[in-house]
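Undergrad: Got a file for you: upload30.txt, compact mmCIF, C-alpha atoms.
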```
# COMPACT_ATOMS: atom_id res chain seq x y z
CA MET Y 1 133.21 146.00 134.53
CA LYS Y 2 135.27 142.92 135.10
CA ILE Y 3 134.09 139.43 134.27
CA ASP Y 4 136.24 136.55 135.34
CA PRO Y 5 135.38 133.37 133.42
CA ILE Y 6 137.58 131.37 135.77
CA HIS Y 7 135.72 132.31 138.93
CA GLN Y 8 133.12 129.60 138.40
CA PHE Y 9 135.81 126.97 138.99
CA ASN Y 10 136.82 128.29 142.40
CA ILE Y 11 136.82 125.81 145.23
CA GLU Y 12 135.26 127.39 148.28
CA PRO Y 13 135.47 125.51 151.57
CA LEU Y 14 132.12 125.46 153.34
CA PHE Y 15 133.39 123.88 156.55
CA THR Y 16 136.39 121.90 157.69
CA ILE Y 17 136.05 118.18 158.28
CA GLY Y 18 139.51 117.37 159.60
CA HIS Y 19 143.16 117.09 158.79
CA ILE Y 20 145.24 114.41 157.10
CA GLY Y 21 148.88 115.19 157.68
CA LYS Y 22 149.42 118.78 156.57
CA HIS Y 23 146.30 118.84 154.41
CA THR Y 24 143.13 120.40 155.64
CA ILE Y 25 140.13 118.36 154.53
CA ALA Y 26 137.24 120.70 153.92
CA PHE Y 27 133.72 120.16 152.74
CA THR Y 28 133.77 122.40 149.68
CA ASN Y 29 131.27 123.52 147.07
CA SER Y 30 132.70 120.73 144.92
CA SER Y 31 131.90 118.21 147.66
CA LEU Y 32 128.40 119.61 147.88
CA TYR Y 33 127.80 119.09 144.15
CA MET Y 34 129.30 115.59 144.31
CA PHE Y 35 126.77 114.66 146.97
CA ILE Y 36 123.96 116.44 145.13
CA THR Y 37 124.89 114.33 142.09
CA VAL Y 38 124.78 111.13 144.14
CA ALA Y 39 121.45 112.20 145.64
CA VAL Y 40 119.95 112.97 142.21
CA ILE Y 41 121.08 109.61 140.82
CA SER Y 42 119.72 107.78 143.87
CA LEU Y 43 116.44 109.64 143.57
CA LEU Y 44 116.20 108.79 139.90
CA MET Y 45 117.21 105.16 140.16
CA ILE Y 46 115.48 104.24 143.42
CA GLY Y 47 112.65 106.78 143.53
CA GLY Y 48 111.93 106.29 139.84
CA MET Y 49 111.84 102.53 140.20
CA ALA Y 50 109.96 102.56 143.51
CA ARG Y 51 106.66 101.52 142.01
CA GLY Y 52 108.27 99.33 139.37
CA GLN Y 53 105.31 99.43 137.04
CA LEU Y 54 104.87 97.14 134.08
CA ILE Y 55 104.27 100.21 131.92
CA PRO Y 56 106.85 102.74 133.11
CA GLY Y 57 106.16 106.37 133.88
CA ARG Y 58 108.55 109.17 132.94
CA LEU Y 59 111.02 108.84 135.78
CA GLN Y 60 110.98 105.06 135.57
CA SER Y 61 111.57 105.30 131.82
CA ILE Y 62 114.63 107.47 132.35
CA ALA Y 63 115.99 105.03 134.94
CA GLU Y 64 115.36 102.04 132.68
CA ILE Y 65 116.76 103.77 129.59
CA SER Y 66 119.97 104.64 131.48
CA TYR Y 67 120.23 101.03 132.60
CA GLU Y 68 119.66 99.63 129.12
CA PHE Y 69 121.93 102.22 127.53
CA VAL Y 70 124.91 101.43 129.75
CA ALA Y 71 124.22 97.68 129.61
CA SER Y 72 124.11 97.65 125.80
CA THR Y 73 127.26 99.79 125.62
CA ILE Y 74 129.11 97.26 127.77
CA ARG Y 75 127.76 94.25 125.87
CA SER Y 76 128.72 95.71 122.50
CA THR Y 77 132.27 96.71 123.50
CA ALA Y 78 133.38 94.28 126.22
CA GLY Y 79 131.01 91.37 125.65
CA SER Y 80 128.76 89.76 128.22
CA GLU Y 81 131.76 89.12 130.50
CA GLY Y 82 132.07 92.88 130.83
CA MET Y 83 128.76 92.87 132.71
CA LYS Y 84 130.80 92.08 135.84
CA PHE Y 85 131.80 95.74 135.75
CA PHE Y 86 128.27 96.99 135.12
CA PRO Y 87 127.88 98.70 138.54
CA LEU Y 88 131.25 100.44 138.12
CA ILE Y 89 130.62 101.66 134.59
CA PHE Y 90 127.06 102.62 135.42
CA SER Y 91 128.27 104.61 138.44
CA LEU Y 92 130.95 106.34 136.37
CA PHE Y 93 128.59 107.17 133.52
CA MET Y 94 125.80 108.42 135.75
CA PHE Y 95 128.15 110.36 138.03
CA ILE Y 96 129.80 112.19 135.14
CA CYS Y 97 126.61 112.66 133.13
CA VAL Y 98 124.48 113.95 136.02
CA SER Y 99 127.21 116.18 137.47
CA ASN Y 100 127.87 117.63 134.01
CA LEU Y 101 124.17 118.29 133.45
CA ILE Y 102 123.83 119.92 136.87
CA GLY Y 103 126.89 122.02 136.04
CA ILE Y 104 125.10 123.60 133.07
CA ILE Y 105 122.52 125.19 135.37
CA PRO Y 106 123.73 128.78 136.00
CA TYR Y 107 125.44 129.50 139.34
CA THR Y 108 126.21 125.82 139.88
CA PHE Y 109 129.56 124.10 140.02
CA THR Y 110 130.84 121.48 137.57
CA VAL Y 111 132.58 118.69 139.45
CA SER Y 112 134.39 117.30 136.41
CA SER Y 113 135.89 120.68 135.51
CA HIS Y 114 138.63 119.89 138.02
CA ILE Y 115 141.44 117.75 136.76
CA ILE Y 116 141.98 116.09 140.13
CA VAL Y 117 138.47 114.60 139.94
CA THR Y 118 138.83 113.31 136.38
CA VAL Y 119 142.34 112.01 137.11
CA ALA Y 120 141.03 110.15 140.14
CA LEU Y 121 138.26 108.56 138.07
CA ALA Y 122 140.64 107.72 135.21
CA LEU Y 123 143.15 106.16 137.62
CA LEU Y 124 140.36 104.15 139.19
CA VAL Y 125 139.64 102.71 135.75
CA PHE Y 126 143.34 102.28 134.96
CA PHE Y 127 144.08 100.32 138.11
CA THR Y 128 140.88 98.30 137.79
CA VAL Y 129 142.03 97.26 134.30
CA LEU Y 130 145.57 96.53 135.49
CA VAL Y 131 144.60 94.60 138.62
CA TYR Y 132 141.76 92.65 137.03
CA GLY Y 133 143.79 91.93 133.89
CA ILE Y 134 146.69 90.46 135.86
CA TYR Y 135 144.38 88.68 138.30
CA LYS Y 136 142.40 87.02 135.52
CA ASN Y 137 145.07 86.36 132.89
CA GLY Y 138 148.30 86.32 134.85
CA LEU Y 139 151.29 87.12 132.68
CA LYS Y 140 149.21 86.60 129.55
CA PHE Y 141 147.78 90.02 130.26
CA PHE Y 142 151.01 91.56 128.97
CA LYS Y 143 150.22 90.15 125.54
CA ILE Y 144 148.25 93.34 124.99
CA PHE Y 145 151.64 94.99 124.42
CA VAL Y 146 152.64 92.43 121.78
CA PRO Y 147 150.31 92.59 118.80
CA THR Y 148 150.28 89.42 116.74
CA GLY Y 149 151.41 89.40 113.11
CA VAL Y 150 153.98 92.15 113.50
CA PRO Y 151 157.39 91.43 111.89
CA MET Y 152 160.18 90.84 114.43
CA TYR Y 153 162.33 93.76 113.35
CA ILE Y 154 159.70 96.39 114.18
CA LEU Y 155 158.24 94.55 117.18
CA PRO Y 156 160.35 96.46 119.75
CA LEU Y 157 159.15 99.74 118.31
CA VAL Y 158 155.51 98.58 118.30
CA MET Y 159 155.84 97.32 121.86
CA PHE Y 160 157.29 100.61 122.96
CA ILE Y 161 154.37 102.47 121.38
CA GLU Y 162 151.85 100.05 122.88
CA ILE Y 163 153.30 100.37 126.38
CA LEU Y 164 153.51 104.13 126.09
CA SER Y 165 149.92 104.38 124.89
CA PHE Y 166 148.78 102.08 127.70
CA PHE Y 167 150.33 104.30 130.35
CA LEU Y 168 149.09 107.46 128.63
CA ARG Y 169 145.53 106.16 128.75
CA PRO Y 170 144.66 107.70 132.15
CA VAL Y 171 146.10 111.00 130.92
CA SER Y 172 144.02 111.18 127.77
CA HIS Y 173 141.04 109.66 129.57
CA SER Y 174 141.05 112.34 132.27
CA VAL Y 175 142.23 115.36 130.27
CA ARG Y 176 139.57 114.80 127.59
CA LEU Y 177 136.75 115.13 130.12
CA PHE Y 178 138.36 117.88 132.15
CA ALA Y 179 139.32 120.01 129.14
CA ASN Y 180 135.94 119.64 127.49
CA MET Y 181 134.05 120.73 130.57
CA LEU Y 182 136.49 123.53 131.39
CA ALA Y 183 136.58 124.95 127.88
CA GLY Y 184 132.84 124.70 127.42
CA HIS Y 185 132.10 126.53 130.64
CA ILE Y 186 134.68 129.21 129.94
CA ALA Y 187 133.24 129.77 126.47
CA LEU Y 188 129.74 130.00 127.91
CA LYS Y 189 130.86 132.48 130.53
CA VAL Y 190 132.80 134.62 128.01
CA PHE Y 191 129.90 134.89 125.59
CA ALA Y 192 127.43 135.53 128.40
CA GLY Y 193 129.83 138.16 129.70
CA PHE Y 194 129.80 139.96 126.33
CA VAL Y 195 126.06 140.50 126.67
CA ALA Y 196 126.48 142.31 129.98
CA MET Y 197 129.59 144.22 128.87
CA LEU Y 198 127.93 145.48 125.71
CA GLY Y 199 124.84 146.51 127.66
CA VAL Y 200 126.81 148.43 130.25
CA ALA Y 201 129.30 149.99 127.85
CA LEU Y 202 127.08 151.09 124.97
CA GLY Y 203 123.68 151.59 126.57
CA ALA Y 204 120.67 151.05 124.33
CA LEU Y 205 122.79 150.26 121.30
CA GLY Y 206 124.73 147.79 123.42
CA TRP Y 207 121.55 146.03 124.53
CA ALA Y 208 120.64 145.60 120.87
CA GLY Y 209 124.16 144.48 120.02
CA GLY Y 210 124.07 142.07 122.93
CA MET Y 211 121.48 140.02 121.04
CA LEU Y 212 124.22 138.29 119.07
CA PRO Y 213 126.30 136.97 122.00
CA LEU Y 214 123.03 136.13 123.78
CA ALA Y 215 121.98 133.97 120.84
CA LEU Y 216 125.43 132.40 120.86
CA THR Y 217 125.12 131.71 124.58
CA VAL Y 218 121.82 129.94 124.00
CA ALA Y 219 123.34 127.90 121.18
CA LEU Y 220 126.40 127.10 123.28
CA THR Y 221 124.21 125.99 126.15
CA ALA Y 222 122.54 123.52 123.82
CA LEU Y 223 125.96 122.37 122.65
CA GLU Y 224 127.12 122.01 126.26
CA LEU Y 225 124.09 119.84 127.01
CA LEU Y 226 125.24 117.55 124.23
CA VAL Y 227 128.86 117.68 125.39
CA ALA Y 228 127.85 116.93 128.99
CA PHE Y 229 126.18 113.71 127.89
CA LEU Y 230 128.70 112.89 125.18
CA GLN Y 231 131.73 113.19 127.47
CA ALA Y 232 130.09 110.92 130.02
CA TYR Y 233 129.39 108.45 127.22
CA VAL Y 234 132.95 108.71 125.89
CA PHE Y 235 134.35 108.18 129.36
CA ALA Y 236 132.14 105.14 129.86
CA ILE Y 237 132.82 103.60 126.45
CA LEU Y 238 136.58 104.09 126.83
CA THR Y 239 136.32 102.40 130.21
CA CYS Y 240 134.56 99.49 128.48
CA ILE Y 241 137.25 99.30 125.79
CA TYR Y 242 140.04 99.34 128.39
CA LEU Y 243 138.25 96.68 130.43
CA ASN Y 244 137.85 94.61 127.29
CA ASP Y 245 141.67 94.50 127.13
CA ALA Y 246 141.72 93.10 130.67
CA ILE Y 247 139.03 90.52 129.89
CA HIS Y 248 140.31 89.49 126.47
CA PRO Y 249 144.03 90.32 126.20
CA GLY Y 250 145.71 89.94 122.82
CA HIS Y 251 144.52 91.94 119.84
CA MET A 1 123.43 139.55 134.17
CA ALA A 2 125.18 142.73 135.24
CA GLU A 3 124.55 141.91 138.86
CA LYS A 4 126.02 138.46 138.44
CA SER A 5 129.16 139.67 136.75
CA HIS A 6 129.52 142.33 139.42
CA GLY A 7 129.32 139.67 142.09
CA THR A 8 131.81 137.61 140.14
CA GLY A 9 134.29 140.42 140.18
CA ALA A 10 133.89 140.94 143.90
CA HIS A 11 134.45 137.27 144.57
CA THR A 12 137.52 137.14 142.45
CA GLU A 13 139.07 139.97 144.39
CA ALA A 14 138.16 138.35 147.68
CA ASP A 15 139.70 135.08 146.52
CA GLY A 16 142.81 136.89 145.39
CA GLY A 17 144.56 135.89 148.58
CA HIS A 18 143.54 132.27 148.00
CA GLY A 19 146.49 131.76 145.71
CA GLY A 20 145.23 133.67 142.71
CA GLY A 21 146.09 130.78 140.36
CA PHE A 22 143.96 128.73 138.06
CA PRO A 23 141.51 126.90 140.39
CA PRO A 24 141.71 123.44 138.77
CA PHE A 25 145.48 123.45 139.28
CA GLU A 26 145.47 124.64 142.88
CA SER A 27 146.98 121.70 144.67
CA SER A 28 145.81 122.87 148.09
CA THR A 29 142.26 121.87 147.17
CA PHE A 30 143.17 118.40 145.87
CA ALA A 31 143.03 116.55 149.17
CA SER A 32 139.56 117.87 150.01
CA GLN A 33 138.25 117.00 146.57
CA LEU A 34 139.75 113.53 146.61
CA VAL A 35 138.26 112.74 150.00
CA SER A 36 134.82 113.99 148.97
CA LEU A 37 135.04 112.17 145.65
CA ALA A 38 136.03 108.93 147.36
CA ILE A 39 133.14 109.14 149.82
CA ALA A 40 130.63 110.23 147.20
CA PHE A 41 131.71 107.70 144.60
CA VAL A 42 131.84 104.77 147.02
CA ALA A 43 128.41 105.75 148.30
CA LEU A 44 127.15 105.94 144.72
CA TYR A 45 128.72 102.59 143.87
CA VAL A 46 127.09 100.93 146.88
CA ILE A 47 123.69 102.49 146.16
CA VAL A 48 123.91 101.55 142.49
CA SER A 49 125.17 97.99 142.92
CA ARG A 50 123.12 97.07 146.02
CA PHE A 51 119.81 98.80 145.41
CA ALA A 52 119.37 100.57 142.08
CA LEU A 53 120.56 98.04 139.49
CA PRO A 54 119.00 94.91 141.06
CA ARG A 55 115.71 96.80 141.32
CA VAL A 56 115.79 97.89 137.66
CA GLU A 57 116.82 94.39 136.65
CA SER A 58 113.96 92.78 138.55
CA VAL A 59 111.43 95.20 137.04
CA ILE A 60 112.75 94.60 133.52
CA ASP A 61 112.77 90.84 134.13
CA ALA A 62 109.23 90.96 135.48
CA ARG A 63 108.14 92.85 132.37
CA GLN A 64 109.95 90.39 130.13
CA ASN A 65 108.29 87.49 131.94
CA ALA A 66 104.89 89.15 131.71
CA ILE A 67 105.34 89.68 127.96
CA GLU A 68 106.52 86.12 127.46
CA GLY A 69 103.67 84.79 129.59
CA ASP A 70 101.12 86.77 127.62
CA LEU A 71 102.60 85.60 124.33
CA ALA A 72 102.57 82.00 125.55
CA ALA A 73 98.94 82.33 126.68
CA ALA A 74 98.02 83.85 123.31
CA GLN A 75 99.81 81.02 121.52
CA LYS A 76 97.99 78.46 123.69
CA LEU A 77 94.62 80.02 122.91
CA LYS A 78 95.47 80.10 119.23
CA ASP A 79 96.47 76.42 119.33
CA GLU A 80 93.23 75.61 121.08
CA SER A 81 91.15 77.43 118.51
CA ASP A 82 93.11 75.75 115.72
CA ALA A 83 92.45 72.37 117.30
CA ALA A 84 88.75 73.19 117.66
CA LEU A 85 88.59 74.22 114.01
CA LYS A 86 90.31 71.01 112.99
CA ALA A 87 87.96 68.92 115.12
CA TYR A 88 84.98 70.71 113.58
CA GLU A 89 86.30 70.04 110.10
CA THR A 90 86.94 66.33 110.74
CA GLU A 91 83.50 66.02 112.37
CA LEU A 92 81.92 67.70 109.37
CA ALA A 93 83.80 65.44 106.96
CA SER A 94 82.86 62.28 108.84
CA ALA A 95 79.23 63.36 109.05
CA ARG A 96 79.21 63.99 105.33
CA SER A 97 80.73 60.58 104.56
CA ARG A 98 78.29 58.94 106.96
CA ALA A 99 75.38 60.61 105.21
CA GLN A 100 76.72 59.41 101.88
CA ALA A 101 77.09 55.86 103.24
CA ILE A 102 73.53 55.87 104.54
CA GLY A 103 72.30 57.11 101.17
CA ASN A 104 74.22 54.43 99.30
CA GLU A 105 73.05 51.72 101.65
CA THR A 106 69.42 52.73 101.31
CA ARG A 107 69.70 52.90 97.56
CA GLU A 108 71.25 49.46 97.40
CA LYS A 109 68.65 48.01 99.74
CA LEU A 110 65.84 49.44 97.64
CA ASN A 111 67.46 48.21 94.45
CA ALA A 112 67.87 44.74 95.91
CA ALA A 113 64.25 44.69 97.10
CA SER A 114 62.88 45.76 93.74
CA GLU A 115 65.15 43.23 92.00
CA ALA A 116 63.84 40.45 94.29
CA GLU A 117 60.22 41.52 93.62
CA ARG A 118 60.87 41.48 89.90
CA LYS A 119 62.44 38.04 90.06
CA LYS A 120 59.55 36.70 92.08
CA LEU A 121 57.06 38.03 89.55
CA GLU A 122 59.09 36.59 86.69
CA ASP A 123 59.29 33.21 88.41
CA GLN A 124 55.55 33.20 88.98
CA LEU A 125 54.97 34.16 85.38
CA ALA A 126 57.36 31.41 84.26
CA ILE A 127 55.55 28.80 86.38
CA ARG A 128 52.20 29.85 85.04
CA LEU A 129 53.57 29.88 81.53
CA ALA A 130 54.95 26.36 82.00
CA ALA A 131 51.62 25.12 83.42
CA ALA A 132 49.76 26.64 80.52
CA GLU A 133 52.17 25.08 78.01
CA LYS A 134 51.76 21.72 79.75
CA GLN A 135 47.98 21.99 79.55
CA ILE A 136 48.18 22.90 75.90
CA ALA A 137 50.41 19.89 75.24
CA ALA A 138 48.08 17.56 77.20
CA THR A 139 45.03 18.90 75.41
CA ARG A 140 46.73 18.48 72.09
CA GLU A 141 47.80 14.92 72.92
CA THR A 142 44.26 14.04 73.99
CA ALA A 143 42.98 15.58 70.81
CA MET A 144 45.47 13.60 68.75
CA LYS A 145 44.46 10.38 70.52
CA ASN A 146 40.83 11.08 69.79
CA VAL A 147 41.76 11.83 66.16
CA ARG A 148 43.47 8.41 65.87
CA GLY A 149 40.48 6.52 67.36
CA ILE A 150 38.11 8.36 65.10
CA ALA A 151 40.36 7.68 62.09
CA ALA A 152 40.63 3.95 62.94
CA ASP A 153 36.85 3.66 63.35
CA ALA A 154 36.28 5.54 60.17
CA ALA A 155 38.81 3.43 58.31
CA GLY A 156 37.20 0.18 59.65
CA ALA A 157 33.77 1.42 58.60
CA ILE A 158 35.01 2.43 55.17
CA VAL A 159 36.69 -0.94 54.61
CA GLN A 160 33.58 -2.81 55.76
CA ARG A 161 31.45 -0.79 53.46
CA LEU A 162 33.69 -1.33 50.52
CA THR A 163 34.52 -5.00 51.08
CA GLY A 164 31.83 -6.11 53.38
CA VAL A 165 34.38 -7.64 55.63
CA LEU A 166 35.18 -6.16 59.00
CA PRO A 167 38.91 -5.73 59.08
CA ASP A 168 41.04 -6.78 61.99
CA GLY A 169 41.25 -3.99 64.56
CA LYS A 170 45.00 -4.36 64.95
CA THR A 171 45.73 -4.13 61.24
CA VAL A 172 43.56 -0.99 60.94
CA SER A 173 45.22 0.77 63.84
CA LYS A 174 48.68 -0.13 62.42
CA ALA A 175 47.72 1.30 59.07
CA VAL A 176 46.34 4.48 60.70
CA ASP A 177 49.51 4.89 62.76
CA ALA A 178 51.60 4.48 59.61
CA THR A 179 49.52 7.06 57.81
CA LEU A 180 49.66 9.52 60.75
CA LYS A 181 53.38 9.16 60.95
CA GLY A 182 53.85 9.45 57.23
```
Could the structure of this file be written out as structure tokens, please?

TA:
Amino acid sequence: MKIDPIHQFNIEPLFTIGHIGKHTIAFTNSSLYMFITVAVISLLMIGGMARGQLIPGRLQSIAEISYEFVASTIRSTAGSEGMKFFPLIFSLFMFICVSNLIGIIPYTFTVSSHIIVTVALALLVFFTVLVYGIYKNGLKFFKIFVPTGVPMYILPLVMFIEILSFFLRPVSHSVRLFANMLAGHIALKVFAGFVAMLGVALGALGWAGGMLPLALTVALTALELLVAFLQAYVFAILTCIYLNDAIHPGH
Amino acid sequence: MAEKSHGTGAHTEADGGHGGGFPPFESSTFASQLVSLAIAFVALYVIVSRFALPRVESVIDARQNAIEGDLAAAQKLKDESDAALKAYETELASARSRAQAIGNETREKLNAASEAERKKLEDQLAIRLAAAEKQIAATRETAMKNVRGIAADAAGAIVQRLTGVLPDGKTVSKAVDATLKG
């Protein structure tokens, strides 16, 4: 009996779309879940708000709560000027949150468990910060590397650390999400696998013994629900904090 | 569960030729994922920024306006009822003071009338008293005059009887006057 906890991350091409250079561009299971995610968000945000009642129903409440949640996150971290980036941050938050939540359903695929996806999103944020920061503040943007009130003799060291940390942001930003989703899904799969392995290997006794990993799987699923939301929130709030640097450079 | 894990195993073997590595690090799949992500995310961004967020915003604004409108209407009604209460109270106060004024006025009028009546009666009494006193004085004077005549006659008669001479009228009346005065 072999259980491969990595199998769930396999990319399986469903059909080929075309070629760019040497690369074959295929519509994969990952693509499918990306579009399912977009469809679910659209359904929630447009379908839920279709009637736009004064007293919201369930779906409308969810849509409005997501809106208010992201809006208040931006206002508290990047100020009201950060609201310029509301559609971007809302898209990022909802995309990650909904795809993570869909990924918890058994037999589905988790889009953000692939580092290329999280790196792409993190670089999107990184370049948005860089381009907007320079566009809005010109050279003053680089003041973020020069904290005020630091003695001259350690300033070069501080600047080096600041610059390094700035360029490591997309790495930590993307790896945090990717690693969390990957590890969580592997752990789920491993514990769920124990249930089946014990049942097959030890018969009746194994079925009884399988209760423990089963309980752990249930608990881990609950934890993963939290992580799915939390990682989307962390990604969004870090985006806000990075954008705040672009809007208000200088510590 | 067993069935699933069995299927998993089968798939893994089938995908063995795929590269056999760790799927998230298989660079051959990167291009496909990036293209899909770009399309999906741009689509999401457009849907969110063009349709979803403005719609939510308008609904929330409409609700906010409705709440503010209701609160304003409630405040207006409250102000109106306050004003009505105030008007009622001032009306009541003015009516009360008016009633008091009417009462005072009536009382004063009645007092004045009774005072005038009393004065009139007193005046009449005084006139009658004066007339009576006058009459008494006149009567007394007449009586005194009569007394003098009688005294003069009597004195003349007495002197005649005593002396046999009729005294001069003027002398007698002078003597009587002197006696009456003394």

Undergrad: Please determine, counting all atoms listed in the file, which residue among A:Arg128, A:Arg63, A:Lys78, A:Arg50 has the shortest atom-to-atom distance to chain Y.

TA: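 Ranked by minimum distance to chain Y, first place goes to A:Arg63.
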
Undergrad: Could you work out how far CA of Ala179 in chain Y lies from CA of Thr29 in chain A, giving the answer in Å with one decimal?

TA: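 Separation of CA of Thr29 in chain A and CA of Ala179 in chain Y: 18.4 Å.
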
Undergrad: What does the distance between CA of Leu157 in chain Y and CA of Ile144 in chain Y come to in Å, to one decimal place?

TA: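 That distance, rounded to one decimal, is 14.3 Å.
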
Undergrad: Can you work out the spacing between CA of Gly47 in chain Y and CA of Ala52 in chain A in Å, to one decimal?

TA: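 So the two atoms, CA of Gly47 in chain Y and CA of Ala52 in chain A, lie 9.3 Å apart.
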
Undergrad: Please report as a list in words which residues of chain Y come no farther than 6 Å from chain A, using only C-alpha atoms.

TA: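 Applying the cut-off to the listed atoms yields Lys2, Ile3, Phe9, Asn10, Ile25, Ala26, Ser31, Phe35, Val38, Met45, Ile46, Gly52, Leu54, Pro87, Ser91, His114 and Ala196 of chain Y.
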
Undergrad: Could you dump the residues just selected with C-alpha atoms as a PDB file, keeping the file's coordinate frame?

TA:
```pdb
ATOM      1  CA  LYS Y   2     135.270 142.920 135.100  1.00  0.00           C
ATOM      2  CA  ILE Y   3     134.090 139.430 134.270  1.00  0.00           C
ATOM      3  CA  PHE Y   9     135.810 126.970 138.990  1.00  0.00           C
ATOM      4  CA  ASN Y  10     136.820 128.290 142.400  1.00  0.00           C
ATOM      5  CA  ILE Y  25     140.130 118.360 154.530  1.00  0.00           C
ATOM      6  CA  ALA Y  26     137.240 120.700 153.920  1.00  0.00           C
ATOM      7  CA  SER Y  31     131.900 118.210 147.660  1.00  0.00           C
ATOM      8  CA  PHE Y  35     126.770 114.660 146.970  1.00  0.00           C
ATOM      9  CA  VAL Y  38     124.780 111.130 144.140  1.00  0.00           C
ATOM     10  CA  MET Y  45     117.210 105.160 140.160  1.00  0.00           C
ATOM     11  CA  ILE Y  46     115.480 104.240 143.420  1.00  0.00           C
ATOM     12  CA  GLY Y  52     108.270  99.330 139.370  1.00  0.00           C
ATOM     13  CA  LEU Y  54     104.870  97.140 134.080  1.00  0.00           C
ATOM     14  CA  PRO Y  87     127.880  98.700 138.540  1.00  0.00           C
ATOM     15  CA  SER Y  91     128.270 104.610 138.440  1.00  0.00           C
ATOM     16  CA  HIS Y 114     138.630 119.890 138.020  1.00  0.00           C
ATOM     17  CA  ALA Y 196     126.480 142.310 129.980  1.00  0.00           C
TER      18      ALA Y 196
END
```

Undergrad: Compile the contact shell of range 80-82 of chain Y as a compact mmCIF listing (two decimals) with C-alpha atoms, in the coordinates of the input: residues with an atom at most 12 Å away, counting all atoms listed in the file, same-chain residues fewer than 4 positions apart removed.

TA:
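That gives us result10.txt:
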```txt
# COMPACT_ATOMS: atom_id res chain seq x y z
CA VAL Y 70 124.91 101.43 129.75
CA ALA Y 71 124.22 97.68 129.61
CA SER Y 72 124.11 97.65 125.80
CA THR Y 73 127.26 99.79 125.62
CA ILE Y 74 129.11 97.26 127.77
CA ARG Y 75 127.76 94.25 125.87
CA SER Y 76 128.72 95.71 122.50
CA PHE Y 86 128.27 96.99 135.12
CA PRO Y 87 127.88 98.70 138.54
CA LEU Y 88 131.25 100.44 138.12
CA ILE Y 89 130.62 101.66 134.59
CA PHE Y 90 127.06 102.62 135.42
CA VAL Y 129 142.03 97.26 134.30
CA TYR Y 132 141.76 92.65 137.03
CA LYS Y 136 142.40 87.02 135.52
CA ILE Y 237 132.82 103.60 126.45
CA THR Y 239 136.32 102.40 130.21
CA CYS Y 240 134.56 99.49 128.48
CA ILE Y 241 137.25 99.30 125.79
CA TYR Y 242 140.04 99.34 128.39
CA LEU Y 243 138.25 96.68 130.43
CA ASN Y 244 137.85 94.61 127.29
CA ASP Y 245 141.67 94.50 127.13
CA ALA Y 246 141.72 93.10 130.67
CA ILE Y 247 139.03 90.52 129.89
CA HIS Y 248 140.31 89.49 126.47
```

Undergrad: Would you pick out the contacts of range 171-175 of chain Y at 12 Å or less, using all atoms listed in the file, so that residues sharing its chain but fewer than 6 positions from it are not included, and give the list as a VMD selection string?

TA: (chain Y and resid 96 112 to 126 164 to 165 181 to 183 231 to 239 241 to 242) or (chain A and resid 24)

Undergrad: Which polymer residues have any atom within 10 Å of an atom of Ile62 in chain Y, counting all atoms listed in the file, with same-chain residues fewer than 5 positions away left out, as a compact mmCIF listing (two decimals) with C-alpha atoms, in the coordinates of the input?

TA:
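To be explicit, this is the file written out as out09.txt:
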```txt
# COMPACT_ATOMS: atom_id res chain seq x y z
CA LEU Y 44 116.20 108.79 139.90
CA MET Y 45 117.21 105.16 140.16
CA GLY Y 48 111.93 106.29 139.84
CA MET Y 49 111.84 102.53 140.20
CA PRO Y 56 106.85 102.74 133.11
CA GLY Y 57 106.16 106.37 133.88
CA TYR Y 67 120.23 101.03 132.60
CA GLU Y 68 119.66 99.63 129.12
```

Undergrad: Please work out which residues fall within 12 Å of (155.4, 98.0, 125.7), coordinates as given in the file, with all atoms listed in the file counting, and return them as number ranges by chain.

TA: Y: 141-147, 155-168
